[in-house]
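> One file: data19.csv (CSV, C-alpha atoms).
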chain,number,residue,atom,x,y,z
A,30,MET,CA,0.0,0.0,0.0
A,31,THR,CA,3.0,2.3,0.7
A,32,GLY,CA,3.8,4.1,-2.5
A,33,TYR,CA,0.3,4.9,-3.6
A,34,ALA,CA,-0.9,8.5,-3.5
A,35,LEU,CA,-2.8,9.5,-0.4
A,36,PRO,CA,-6.4,9.4,-1.8
A,37,ILE,CA,-5.7,5.9,-3.1
A,38,LYS,CA,-4.3,4.8,0.3
A,39,ARG,CA,-7.4,6.2,2.0
A,40,LEU,CA,-9.7,4.4,-0.4
A,41,ILE,CA,-7.8,1.1,0.2
A,42,GLU,CA,-8.1,1.7,3.9
A,43,GLU,CA,-11.9,2.2,3.6
A,44,LEU,CA,-12.3,-0.9,1.4
A,45,SER,CA,-10.3,-3.0,3.8
A,46,LYS,CA,-13.0,-2.5,6.4
A,47,PHE,CA,-15.2,-4.9,4.5
A,48,PRO,CA,-15.5,-8.4,6.0
A,49,GLY,CA,-13.2,-10.8,4.2
A,50,ILE,CA,-11.5,-8.1,2.2
A,51,GLY,CA,-7.8,-7.8,3.0
A,52,GLU,CA,-5.3,-5.1,1.9
A,53,LYS,CA,-4.5,-6.9,-1.4
A,54,THR,CA,-8.1,-7.3,-2.5
A,55,ALA,CA,-8.8,-3.7,-1.4
A,56,THR,CA,-5.9,-2.5,-3.5
A,57,ARG,CA,-7.3,-4.4,-6.5
A,58,LEU,CA,-10.8,-2.9,-5.9
A,59,ALA,CA,-9.3,0.6,-5.5
A,60,LEU,CA,-7.4,0.3,-8.8
A,61,HIS,CA,-10.6,-0.9,-10.4
A,62,ILE,CA,-12.4,2.2,-9.3
A,63,LEU,CA,-9.6,4.3,-10.6
A,64,HIS,CA,-9.9,2.6,-14.0
A,65,ALA,CA,-13.7,2.9,-14.0
A,66,SER,CA,-15.5,5.8,-15.7
A,67,ASP,CA,-16.3,8.8,-13.6
A,68,GLU,CA,-20.0,8.0,-13.9
A,69,ASN,CA,-19.5,4.5,-12.6
A,70,ALA,CA,-17.6,5.7,-9.6
A,71,ALA,CA,-20.2,8.4,-8.9
A,72,MET,CA,-23.0,5.8,-9.2
A,73,LEU,CA,-21.2,3.5,-6.7
A,74,ALA,CA,-20.7,6.3,-4.2
A,75,GLU,CA,-24.2,7.5,-4.7
A,76,SER,CA,-25.7,4.0,-4.1
A,77,ILE,CA,-23.7,3.6,-0.9
A,78,LEU,CA,-25.1,6.9,0.4
A,79,ASP,CA,-28.6,6.0,-0.9
A,80,VAL,CA,-28.7,2.7,0.9
A,81,LYS,CA,-27.9,4.5,4.2
A,82,ARG,CA,-30.4,7.3,3.6
A,83,LYS,CA,-33.4,5.3,2.3
A,84,ILE,CA,-33.3,1.9,4.0
A,85,HIS,CA,-34.7,1.4,7.5
A,86,LEU,CA,-36.2,-1.5,9.4
A,87,CYS,CA,-39.8,-2.6,8.9
A,88,PRO,CA,-41.6,-1.6,12.2
A,89,VAL,CA,-43.4,-5.0,12.2
A,90,CYS,CA,-40.9,-7.7,11.3
A,91,PHE,CA,-37.6,-5.6,11.2
A,92,HIS,CA,-36.7,-6.6,7.7
A,93,LEU,CA,-34.8,-4.0,5.6
A,94,THR,CA,-37.2,-1.8,3.6
A,95,GLU,CA,-37.5,1.3,1.6
A,96,SER,CA,-41.2,1.8,2.3
A,97,ASP,CA,-43.2,2.2,5.5
A,98,LYS,CA,-43.7,-1.5,5.9
A,99,CYS,CA,-41.7,-4.2,4.1
A,100,ASP,CA,-43.0,-6.0,1.0
A,101,VAL,CA,-44.0,-9.2,3.0
A,102,CYS,CA,-45.8,-7.4,5.8
A,103,SER,CA,-47.7,-5.1,3.4
A,104,ASP,CA,-48.8,-8.1,1.2
A,105,PRO,CA,-52.4,-9.0,2.3
A,106,SER,CA,-52.1,-12.4,0.7
A,107,ARG,CA,-49.5,-13.5,3.3
A,108,ASP,CA,-50.6,-15.5,6.4
A,109,GLY,CA,-50.1,-13.0,9.2
A,110,GLN,CA,-50.7,-15.6,11.9
A,111,SER,CA,-47.6,-17.6,11.0
A,112,ILE,CA,-44.2,-16.1,11.8
A,113,CYS,CA,-40.9,-17.5,10.7
A,114,VAL,CA,-38.1,-16.2,13.0
A,115,VAL,CA,-34.7,-15.6,11.3
A,116,GLU,CA,-31.4,-14.2,12.5
A,117,GLU,CA,-30.7,-11.9,9.6
A,118,PRO,CA,-32.4,-10.3,6.6
A,119,ASP,CA,-30.4,-12.5,4.2
A,120,THR,CA,-32.0,-15.6,5.7
A,121,LEU,CA,-35.4,-14.1,5.0
A,122,ILE,CA,-34.4,-13.5,1.4
A,123,ALA,CA,-33.1,-17.0,1.0
A,124,ILE,CA,-36.4,-18.5,2.4
A,125,GLU,CA,-38.4,-16.1,0.1
A,126,GLU,CA,-36.4,-17.3,-2.8
A,127,SER,CA,-37.2,-20.9,-2.0
A,128,GLY,CA,-40.9,-19.9,-2.4
A,129,SER,CA,-41.9,-22.4,0.3
A,130,PHE,CA,-43.3,-20.1,2.9
A,131,ARG,CA,-46.4,-17.9,2.7
A,132,GLY,CA,-46.5,-16.5,6.2
A,133,THR,CA,-44.6,-13.5,7.6
A,134,TYR,CA,-41.2,-13.1,9.2
A,135,HIS,CA,-39.5,-11.7,12.3
A,136,VAL,CA,-35.8,-10.7,12.0
A,137,LEU,CA,-33.9,-10.9,15.3
A,138,HIS,CA,-30.8,-9.1,13.9
A,139,GLY,CA,-28.4,-11.5,15.5
A,140,ALA,CA,-28.2,-14.6,17.7
A,141,LEU,CA,-27.2,-15.2,21.3
A,142,ALA,CA,-23.5,-15.0,21.6
A,143,PRO,CA,-22.6,-14.3,25.2
A,144,LEU,CA,-18.8,-14.4,24.5
A,145,ASP,CA,-19.3,-11.5,22.0
A,146,GLY,CA,-21.5,-9.7,24.5
A,147,ILE,CA,-24.7,-10.4,22.6
A,148,GLY,CA,-27.5,-11.2,25.1
A,149,PRO,CA,-31.3,-11.5,24.7
A,150,ASP,CA,-31.7,-7.7,25.0
A,151,HIS,CA,-29.7,-7.2,21.8
A,152,LEU,CA,-32.1,-9.2,19.7
A,153,LYS,CA,-35.6,-8.2,18.7
A,154,LEU,CA,-37.1,-10.8,21.2
A,155,LYS,CA,-39.3,-8.5,23.2
A,156,GLU,CA,-40.8,-7.2,19.9
A,157,LEU,CA,-41.5,-10.8,18.9
A,158,LEU,CA,-43.3,-11.5,22.1
A,159,ASP,CA,-45.3,-8.2,21.8
A,160,ARG,CA,-46.2,-9.2,18.3
A,161,ILE,CA,-47.4,-12.7,19.2
A,162,VAL,CA,-49.5,-11.3,22.1
A,163,ALA,CA,-51.0,-8.5,20.1
A,164,ASN,CA,-51.8,-10.4,16.9
A,165,HIS,CA,-52.9,-13.8,18.2
A,166,ILE,CA,-50.1,-15.5,16.3
A,167,LYS,CA,-50.8,-19.2,15.8
A,168,GLU,CA,-47.5,-20.6,14.6
A,169,ILE,CA,-43.8,-19.7,15.1
A,170,ILE,CA,-41.2,-21.4,13.0
A,171,ILE,CA,-37.7,-20.9,14.4
A,172,ALA,CA,-35.3,-20.6,11.4
A,173,THR,CA,-32.2,-19.5,13.3
A,174,ASN,CA,-28.9,-21.0,11.9
A,175,PRO,CA,-28.1,-24.6,12.8
A,176,ASN,CA,-25.0,-23.6,14.8
A,177,VAL,CA,-24.3,-23.1,18.5
A,178,GLN,CA,-25.6,-19.5,18.6
A,179,GLY,CA,-28.6,-20.3,16.5
A,180,GLU,CA,-29.5,-23.3,18.5
A,181,ALA,CA,-29.2,-21.4,21.8
A,182,THR,CA,-31.4,-18.7,20.4
A,183,ALA,CA,-34.0,-21.3,19.3
A,184,LEU,CA,-34.0,-22.8,22.7
A,185,LEU,CA,-34.4,-19.4,24.4
A,186,ILE,CA,-37.4,-18.6,22.1
A,187,ALA,CA,-39.0,-21.9,22.7
A,188,LYS,CA,-38.6,-21.4,26.5
A,189,MET,CA,-39.9,-17.8,26.3
A,190,LEU,CA,-43.0,-18.9,24.5
A,191,LYS,CA,-43.7,-21.9,26.6
A,192,GLY,CA,-47.3,-21.9,28.0
A,193,MET,CA,-48.5,-19.6,25.3
A,194,ASP,CA,-51.2,-20.9,22.9
A,195,VAL,CA,-48.8,-21.0,19.9
A,196,LYS,CA,-47.4,-23.8,17.9
A,197,ILE,CA,-43.6,-23.7,17.9
A,198,SER,CA,-41.5,-25.6,15.4
A,199,ARG,CA,-37.8,-25.6,14.4
A,200,ILE,CA,-36.7,-26.1,10.8
A,201,ALA,CA,-35.5,-29.6,10.0
A,202,CYS,CA,-31.8,-30.5,10.3
A,203,GLY,CA,-30.4,-33.2,8.1
A,204,VAL,CA,-28.4,-34.0,5.0
A,205,PRO,CA,-28.8,-31.3,2.3
A,206,MET,CA,-30.7,-32.2,-0.9
A,207,GLY,CA,-28.4,-33.2,-3.8
A,208,GLY,CA,-25.6,-33.8,-1.4
A,209,ASP,CA,-23.5,-37.0,-1.2
A,210,LEU,CA,-23.7,-38.8,2.1
A,211,LYS,CA,-20.0,-39.7,2.1
A,212,TYR,CA,-19.0,-36.1,1.9
A,213,THR,CA,-21.5,-35.0,4.6
A,214,ASP,CA,-19.9,-34.0,8.0
A,215,ARG,CA,-20.5,-36.4,10.9
A,216,MET,CA,-22.5,-33.9,12.9
A,217,THR,CA,-25.0,-33.5,10.1
A,218,LEU,CA,-25.1,-37.3,9.5
A,219,ALA,CA,-25.8,-37.9,13.2
A,220,LYS,CA,-28.6,-35.3,13.2
A,221,SER,CA,-30.1,-36.8,10.0
A,222,LEU,CA,-30.2,-40.2,11.7
A,223,GLU,CA,-31.5,-38.8,15.0
A,224,TYR,CA,-34.3,-36.9,13.2
A,225,ARG,CA,-35.2,-39.7,10.8
A,226,ARG,CA,-38.8,-39.7,9.5
A,227,ILE,CA,-41.1,-42.7,9.1
A,228,VAL,CA,-42.0,-43.0,5.4
B,30,MET,CA,-30.9,-10.5,-4.7
B,31,THR,CA,-34.7,-10.5,-5.4
B,32,GLY,CA,-36.5,-9.5,-2.2
B,33,TYR,CA,-34.2,-6.7,-1.2
B,34,ALA,CA,-35.4,-3.2,-1.4
B,35,LEU,CA,-34.5,-1.2,-4.5
B,36,PRO,CA,-31.6,0.9,-3.1
B,37,ILE,CA,-30.0,-2.3,-1.7
B,38,LYS,CA,-30.4,-4.1,-5.1
B,39,ARG,CA,-28.8,-1.1,-6.8
B,40,LEU,CA,-25.9,-1.2,-4.5
B,41,ILE,CA,-25.4,-4.9,-4.9
B,42,GLU,CA,-25.5,-4.4,-8.7
B,43,GLU,CA,-22.8,-1.6,-8.4
B,44,LEU,CA,-20.6,-3.8,-6.1
B,45,SER,CA,-20.9,-6.8,-8.5
B,46,LYS,CA,-19.1,-4.8,-11.1
B,47,PHE,CA,-15.8,-5.2,-9.2
B,48,PRO,CA,-13.5,-7.9,-10.6
B,49,GLY,CA,-13.8,-11.1,-8.7
B,50,ILE,CA,-16.9,-10.0,-6.8
B,51,GLY,CA,-20.0,-12.0,-7.5
B,52,GLU,CA,-23.6,-11.4,-6.4
B,53,LYS,CA,-23.2,-13.3,-3.1
B,54,THR,CA,-20.1,-11.3,-2.0
B,55,ALA,CA,-21.7,-8.1,-3.3
B,56,THR,CA,-24.7,-8.8,-1.1
B,57,ARG,CA,-22.5,-9.5,1.9
B,58,LEU,CA,-20.7,-6.2,1.3
B,59,ALA,CA,-23.9,-4.3,0.8
B,60,LEU,CA,-25.3,-5.6,4.1
B,61,HIS,CA,-22.0,-4.6,5.7
B,62,ILE,CA,-22.5,-1.1,4.5
B,63,LEU,CA,-26.0,-1.1,5.8
B,64,HIS,CA,-24.8,-2.1,9.2
B,65,ALA,CA,-21.9,0.4,9.2
B,66,SER,CA,-22.3,3.8,10.8
B,67,ASP,CA,-23.5,6.7,8.6
B,68,GLU,CA,-20.0,8.3,8.9
B,69,ASN,CA,-18.2,5.2,7.7
B,70,ALA,CA,-20.5,4.8,4.7
B,71,ALA,CA,-20.1,8.5,3.9
B,72,MET,CA,-16.3,8.2,4.3
B,73,LEU,CA,-16.3,5.3,1.8
B,74,ALA,CA,-18.4,7.1,-0.7
B,75,GLU,CA,-16.3,10.2,-0.3
B,76,SER,CA,-13.0,8.4,-0.8
B,77,ILE,CA,-14.4,6.8,-4.0
B,78,LEU,CA,-15.2,10.2,-5.4
B,79,ASP,CA,-11.9,11.6,-4.1
B,80,VAL,CA,-9.8,9.1,-5.8
B,81,LYS,CA,-11.5,9.9,-9.1
B,82,ARG,CA,-11.2,13.6,-8.6
B,83,LYS,CA,-7.6,13.9,-7.3
B,84,ILE,CA,-5.7,11.1,-8.9
B,85,HIS,CA,-4.2,11.6,-12.4
B,86,LEU,CA,-1.2,10.1,-14.3
B,87,CYS,CA,2.3,11.5,-13.8
B,88,PRO,CA,3.2,13.2,-17.1
B,89,VAL,CA,6.7,11.6,-17.0
B,90,CYS,CA,6.2,8.0,-16.0
B,91,PHE,CA,2.4,7.6,-16.0
B,92,HIS,CA,2.3,6.4,-12.4
B,93,LEU,CA,-0.8,7.4,-10.4
B,94,THR,CA,-0.3,10.5,-8.5
B,95,GLU,CA,-2.0,13.3,-6.6
B,96,SER,CA,0.7,15.9,-7.2
B,97,ASP,CA,2.0,17.3,-10.5
B,98,LYS,CA,4.7,14.7,-10.8
B,99,CYS,CA,4.8,11.3,-8.9
B,100,ASP,CA,6.9,10.8,-5.8
B,101,VAL,CA,9.6,8.9,-7.7
B,102,CYS,CA,9.9,11.3,-10.6
B,103,SER,CA,10.1,14.3,-8.3
B,104,ASP,CA,12.7,12.7,-6.1
B,105,PRO,CA,16.2,14.2,-7.1
B,106,SER,CA,18.0,11.3,-5.5
B,107,ARG,CA,16.7,8.8,-8.0
B,108,ASP,CA,18.7,7.8,-11.0
B,109,GLY,CA,16.8,9.4,-13.9
B,110,GLN,CA,18.9,7.7,-16.5
B,111,SER,CA,17.7,4.2,-15.6
B,112,ILE,CA,14.0,3.3,-16.4
B,113,CYS,CA,12.2,0.2,-15.2
B,114,VAL,CA,9.3,-0.5,-17.6
B,115,VAL,CA,6.2,-2.0,-15.9
B,116,GLU,CA,2.7,-2.9,-17.1
B,117,GLU,CA,0.7,-1.5,-14.2
B,118,PRO,CA,1.1,0.9,-11.2
B,119,ASP,CA,0.8,-2.0,-8.8
B,120,THR,CA,4.0,-3.6,-10.2
B,121,LEU,CA,5.7,-0.3,-9.6
B,122,ILE,CA,4.6,-0.3,-6.0
B,123,ALA,CA,5.7,-3.9,-5.6
B,124,ILE,CA,9.2,-3.1,-6.9
B,125,GLU,CA,9.3,0.0,-4.7
B,126,GLU,CA,8.4,-2.1,-1.7
B,127,SER,CA,11.3,-4.5,-2.5
B,128,GLY,CA,13.6,-1.5,-2.2
B,129,SER,CA,15.9,-2.8,-4.8
B,130,PHE,CA,15.7,-0.2,-7.5
B,131,ARG,CA,16.8,3.4,-7.3
B,132,GLY,CA,16.0,4.5,-10.9
B,133,THR,CA,12.7,5.7,-12.3
B,134,TYR,CA,9.8,3.9,-13.9
B,135,HIS,CA,7.6,3.9,-16.9
B,136,VAL,CA,4.1,2.5,-16.6
B,137,LEU,CA,2.7,1.1,-19.9
B,138,HIS,CA,-0.8,0.7,-18.6
B,139,GLY,CA,-1.3,-2.7,-20.1
B,140,ALA,CA,0.5,-5.3,-22.2
B,141,LEU,CA,0.1,-6.5,-25.8
B,142,ALA,CA,-3.0,-8.6,-26.1
B,143,PRO,CA,-4.1,-8.7,-29.7
B,144,LEU,CA,-7.1,-11.0,-28.9
B,145,ASP,CA,-8.5,-8.4,-26.5
B,146,GLY,CA,-7.8,-5.7,-29.1
B,147,ILE,CA,-4.8,-4.2,-27.2
B,148,GLY,CA,-2.1,-3.3,-29.7
B,149,PRO,CA,1.1,-1.2,-29.3
B,150,ASP,CA,-0.9,2.1,-29.7
B,151,HIS,CA,-2.9,1.3,-26.5
B,152,LEU,CA,0.3,1.3,-24.4
B,153,LYS,CA,2.5,4.2,-23.4
B,154,LEU,CA,5.2,3.0,-25.8
B,155,LYS,CA,5.6,6.2,-27.9
B,156,GLU,CA,5.9,8.1,-24.7
B,157,LEU,CA,8.7,5.7,-23.6
B,158,LEU,CA,10.6,6.2,-26.8
B,159,ASP,CA,10.2,10.0,-26.6
B,160,ARG,CA,11.5,9.9,-23.1
B,161,ILE,CA,14.5,7.8,-23.9
B,162,VAL,CA,15.5,10.1,-26.8
B,163,ALA,CA,14.9,13.4,-24.9
B,164,ASN,CA,16.7,12.4,-21.7
B,165,HIS,CA,19.6,10.3,-22.9
B,166,ILE,CA,18.4,7.3,-20.9
B,167,LYS,CA,21.2,4.7,-20.4
B,168,GLU,CA,19.4,1.7,-19.2
B,169,ILE,CA,16.0,0.1,-19.7
B,170,ILE,CA,14.9,-2.8,-17.4
B,171,ILE,CA,11.8,-4.5,-18.8
B,172,ALA,CA,9.7,-5.7,-15.9
B,173,THR,CA,6.6,-6.7,-17.7
B,174,ASN,CA,4.8,-9.9,-16.3
B,175,PRO,CA,6.4,-13.3,-17.1
B,176,ASN,CA,3.3,-14.4,-19.2
B,177,VAL,CA,2.4,-14.5,-22.9
B,178,GLN,CA,1.3,-10.8,-23.0
B,179,GLY,CA,4.2,-9.6,-20.9
B,180,GLU,CA,6.8,-11.5,-22.9
B,181,ALA,CA,5.3,-10.2,-26.2
B,182,THR,CA,5.5,-6.7,-24.9
B,183,ALA,CA,9.1,-7.2,-23.7
B,184,LEU,CA,10.1,-8.5,-27.1
B,185,LEU,CA,8.4,-5.5,-28.8
B,186,ILE,CA,10.2,-3.0,-26.6
B,187,ALA,CA,13.5,-4.7,-27.2
B,188,LYS,CA,12.9,-4.6,-30.9
B,189,MET,CA,11.8,-1.0,-30.8
B,190,LEU,CA,14.9,0.1,-29.0
B,191,LYS,CA,17.3,-1.9,-31.1
B,192,GLY,CA,20.2,0.2,-32.5
B,193,MET,CA,19.7,2.9,-29.9
B,194,ASP,CA,22.5,3.5,-27.4
B,195,VAL,CA,20.7,2.1,-24.4
B,196,LYS,CA,21.3,-1.0,-22.3
B,197,ILE,CA,18.2,-3.2,-22.4
B,198,SER,CA,17.6,-6.0,-19.8
B,199,ARG,CA,14.8,-8.2,-18.8
B,200,ILE,CA,14.1,-9.2,-15.1
B,201,ALA,CA,15.3,-12.7,-14.3
B,202,CYS,CA,12.9,-15.6,-14.5
B,203,GLY,CA,13.4,-18.6,-12.3
B,204,VAL,CA,12.2,-20.3,-9.1
B,205,PRO,CA,10.9,-17.9,-6.5
B,206,MET,CA,12.9,-17.4,-3.3
B,207,GLY,CA,11.7,-19.5,-0.4
B,208,GLY,CA,9.9,-21.8,-2.8
B,209,ASP,CA,10.2,-25.5,-2.9
B,210,LEU,CA,11.4,-27.0,-6.1
B,211,LYS,CA,9.0,-29.9,-6.0
B,212,TYR,CA,6.0,-27.6,-5.9
B,213,THR,CA,7.3,-25.3,-8.7
B,214,ASP,CA,5.5,-25.6,-12.0
B,215,ARG,CA,7.4,-27.2,-14.9
B,216,MET,CA,7.5,-24.0,-17.0
B,217,THR,CA,9.3,-22.1,-14.2
B,218,LEU,CA,11.7,-25.1,-13.5
B,219,ALA,CA,12.5,-25.2,-17.2
B,220,LYS,CA,13.2,-21.5,-17.3
B,221,SER,CA,15.3,-21.7,-14.1
B,222,LEU,CA,17.5,-24.3,-15.8
B,223,GLU,CA,17.7,-22.5,-19.1
B,224,TYR,CA,18.7,-19.2,-17.4
B,225,ARG,CA,21.1,-20.9,-14.9
B,226,ARG,CA,23.9,-18.6,-13.7
B,227,ILE,CA,27.6,-19.6,-13.3
B,228,VAL,CA,28.5,-19.2,-9.7
Can you present the structure in this file as structure tokens?

Amino acid sequence: MTGYALPIKRLIEELSKFPGIGEKTATRLALHILHASDENAAMLAESILDVKRKIHLCPVCFHLTESDKCDVCSDPSRDGQSICVVEEPDTLIAIEESGSFRGTYHVLHGALAPLDGIGPDHLKLKELLDRIVANHIKEIIIATNPNVQGEATALLIAKMLKGMDVKISRIACGVPMGGDLKYTDRMTLAKSLEYRRIV
Amino acid sequence: MTGYALPIKRLIEELSKFPGIGEKTATRLALHILHASDENAAMLAESILDVKRKIHLCPVCFHLTESDKCDVCSDPSRDGQSICVVEEPDTLIAIEESGSFRGTYHVLHGALAPLDGIGPDHLKLKELLDRIVANHIKEIIIATNPNVQGEATALLIAKMLKGMDVKISRIACGVPMGGDLKYTDRMTLAKSLEYRRIV
């Protein structure tokens, strides 16, 4: 990085802040910006500012949205009594893309991670509870990630909702479709055996 | 990408234009920007615009610079009669970081690639010739990349300067320092044998 003019160095520094982008990749990106047309660079800068200006959280489900409510929450054809709880907006998008869920969502914006200082208060859990109580929600599908943090969060939600008149389920764990059993990790194989279904 | 609000989609699209950045990585970067503070996003956008506004090519060697002339060209302690010819500014930086060259540079901004429509006129070759004639340059070190395009460019430069009173050399090809011969590709091994030095 030494040797580049100051504005380039500063851009490399800014780009290095991205997750998974080191100094070498940042340098490559910075030089790409330098070679791009003025309009392209301006468009990139503008869309960065735009996203910060225009995007906010949906007040109902906390998905990212440009409008008052997000597309899912403002769609009257969706089943408002079924809520799929996810950690992040990208999981919501992935489920939407699978086209297999017609209810609504609730984005927690994280998962329990006590070692990183993320406790229940950092997640949109109270909001979930309020929503369930206020709207007579019938079903909660917990779609947090199948890892330590996600499982802990799922357990906490299940515990929190215990005694309430709501059906709670957790997405299925097992071998991924199209996968090859011999390449599947042991943990997943063990889970797929444990959770075997009668056919 | 479907499912995200329009400003996010637009940012993902802009970020996907980077080399080596696909839609998935672009999405990850866009969400990172969304989670970053407003100041950080503004700083990133500003430095993108800054780099386009402030950076231009050094009129002597065509390195990227913020000032009139680049740091190397404006340094009186450098040997102005020795020119190291490189394809891109990043090669110049790499050589500078090695600290093994005290002359000046000439950045071609590319290499011969007839299949991509890049001929001699697209490179700063005429400018190199003018510079050699006007400044009584004594030595040219050709440090284009050791691949087909770089070698073709090196050959062209050598041919172009034939008959002129200037020492022309090409950087050495061989096994990299610290490497292990058994993991070195055959082409490099062949070159390292062909160019063996008497010790």
> Please list, as a ChimeraX atom specification, the residues that have an atom at most 12 Å away from (7.0, -2.1, -5.7) in the coordinates of this file, counting only C-alpha atoms.
/A:30-33 /B:92,101,113,115,117-131,133-134,172
> Grab the Cα RMSD for chain B fitted onto chain A, all atoms paired in sequence order, one decimal please.
0.1 Å
> Find the distance between atom CA of Ile147 of chain A and atom CA of Thr182 of chain A and write it in Å to one decimal.
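These atoms are spaced 10.9 Å apart.
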> I need the chain A residues near chain B as a tab-separated table (two decimals) with C-alpha atoms, in the frame of the given file; criterion: at most 8 Å, counting all atoms listed in the file.

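Dumped everything to iface33.tsv:
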chain	number	residue	atom	x	y	z
A	30	MET	CA	0.00	0.00	0.00
A	31	THR	CA	3.00	2.30	0.70
A	32	GLY	CA	3.80	4.10	-2.50
A	33	TYR	CA	0.30	4.90	-3.60
A	34	ALA	CA	-0.90	8.50	-3.50
A	35	LEU	CA	-2.80	9.50	-0.40
A	36	PRO	CA	-6.40	9.40	-1.80
A	37	ILE	CA	-5.70	5.90	-3.10
A	39	ARG	CA	-7.40	6.20	2.00
A	40	LEU	CA	-9.70	4.40	-0.40
A	43	GLU	CA	-11.90	2.20	3.60
A	44	LEU	CA	-12.30	-0.90	1.40
A	47	PHE	CA	-15.20	-4.90	4.50
A	48	PRO	CA	-15.50	-8.40	6.00
A	58	LEU	CA	-10.80	-2.90	-5.90
A	61	HIS	CA	-10.60	-0.90	-10.40
A	62	ILE	CA	-12.40	2.20	-9.30
A	63	LEU	CA	-9.60	4.30	-10.60
A	67	ASP	CA	-16.30	8.80	-13.60
A	70	ALA	CA	-17.60	5.70	-9.60
A	71	ALA	CA	-20.20	8.40	-8.90
A	72	MET	CA	-23.00	5.80	-9.20
A	73	LEU	CA	-21.20	3.50	-6.70
A	74	ALA	CA	-20.70	6.30	-4.20
A	75	GLU	CA	-24.20	7.50	-4.70
A	76	SER	CA	-25.70	4.00	-4.10
A	77	ILE	CA	-23.70	3.60	-0.90
A	78	LEU	CA	-25.10	6.90	0.40
A	79	ASP	CA	-28.60	6.00	-0.90
A	80	VAL	CA	-28.70	2.70	0.90
A	81	LYS	CA	-27.90	4.50	4.20
A	83	LYS	CA	-33.40	5.30	2.30
A	84	ILE	CA	-33.30	1.90	4.00
A	93	LEU	CA	-34.80	-4.00	5.60
A	94	THR	CA	-37.20	-1.80	3.60
A	95	GLU	CA	-37.50	1.30	1.60
A	122	ILE	CA	-34.40	-13.50	1.40
A	125	GLU	CA	-38.40	-16.10	0.10
A	126	GLU	CA	-36.40	-17.30	-2.80
> Work out how far apart atom CA of Glu156 of chain B and atom CA of Leu137 of chain B are and give it in Å to one decimal.
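Calculated distance between atom CA of Glu156 of chain B and atom CA of Leu137 of chain B is 9.1 Å.
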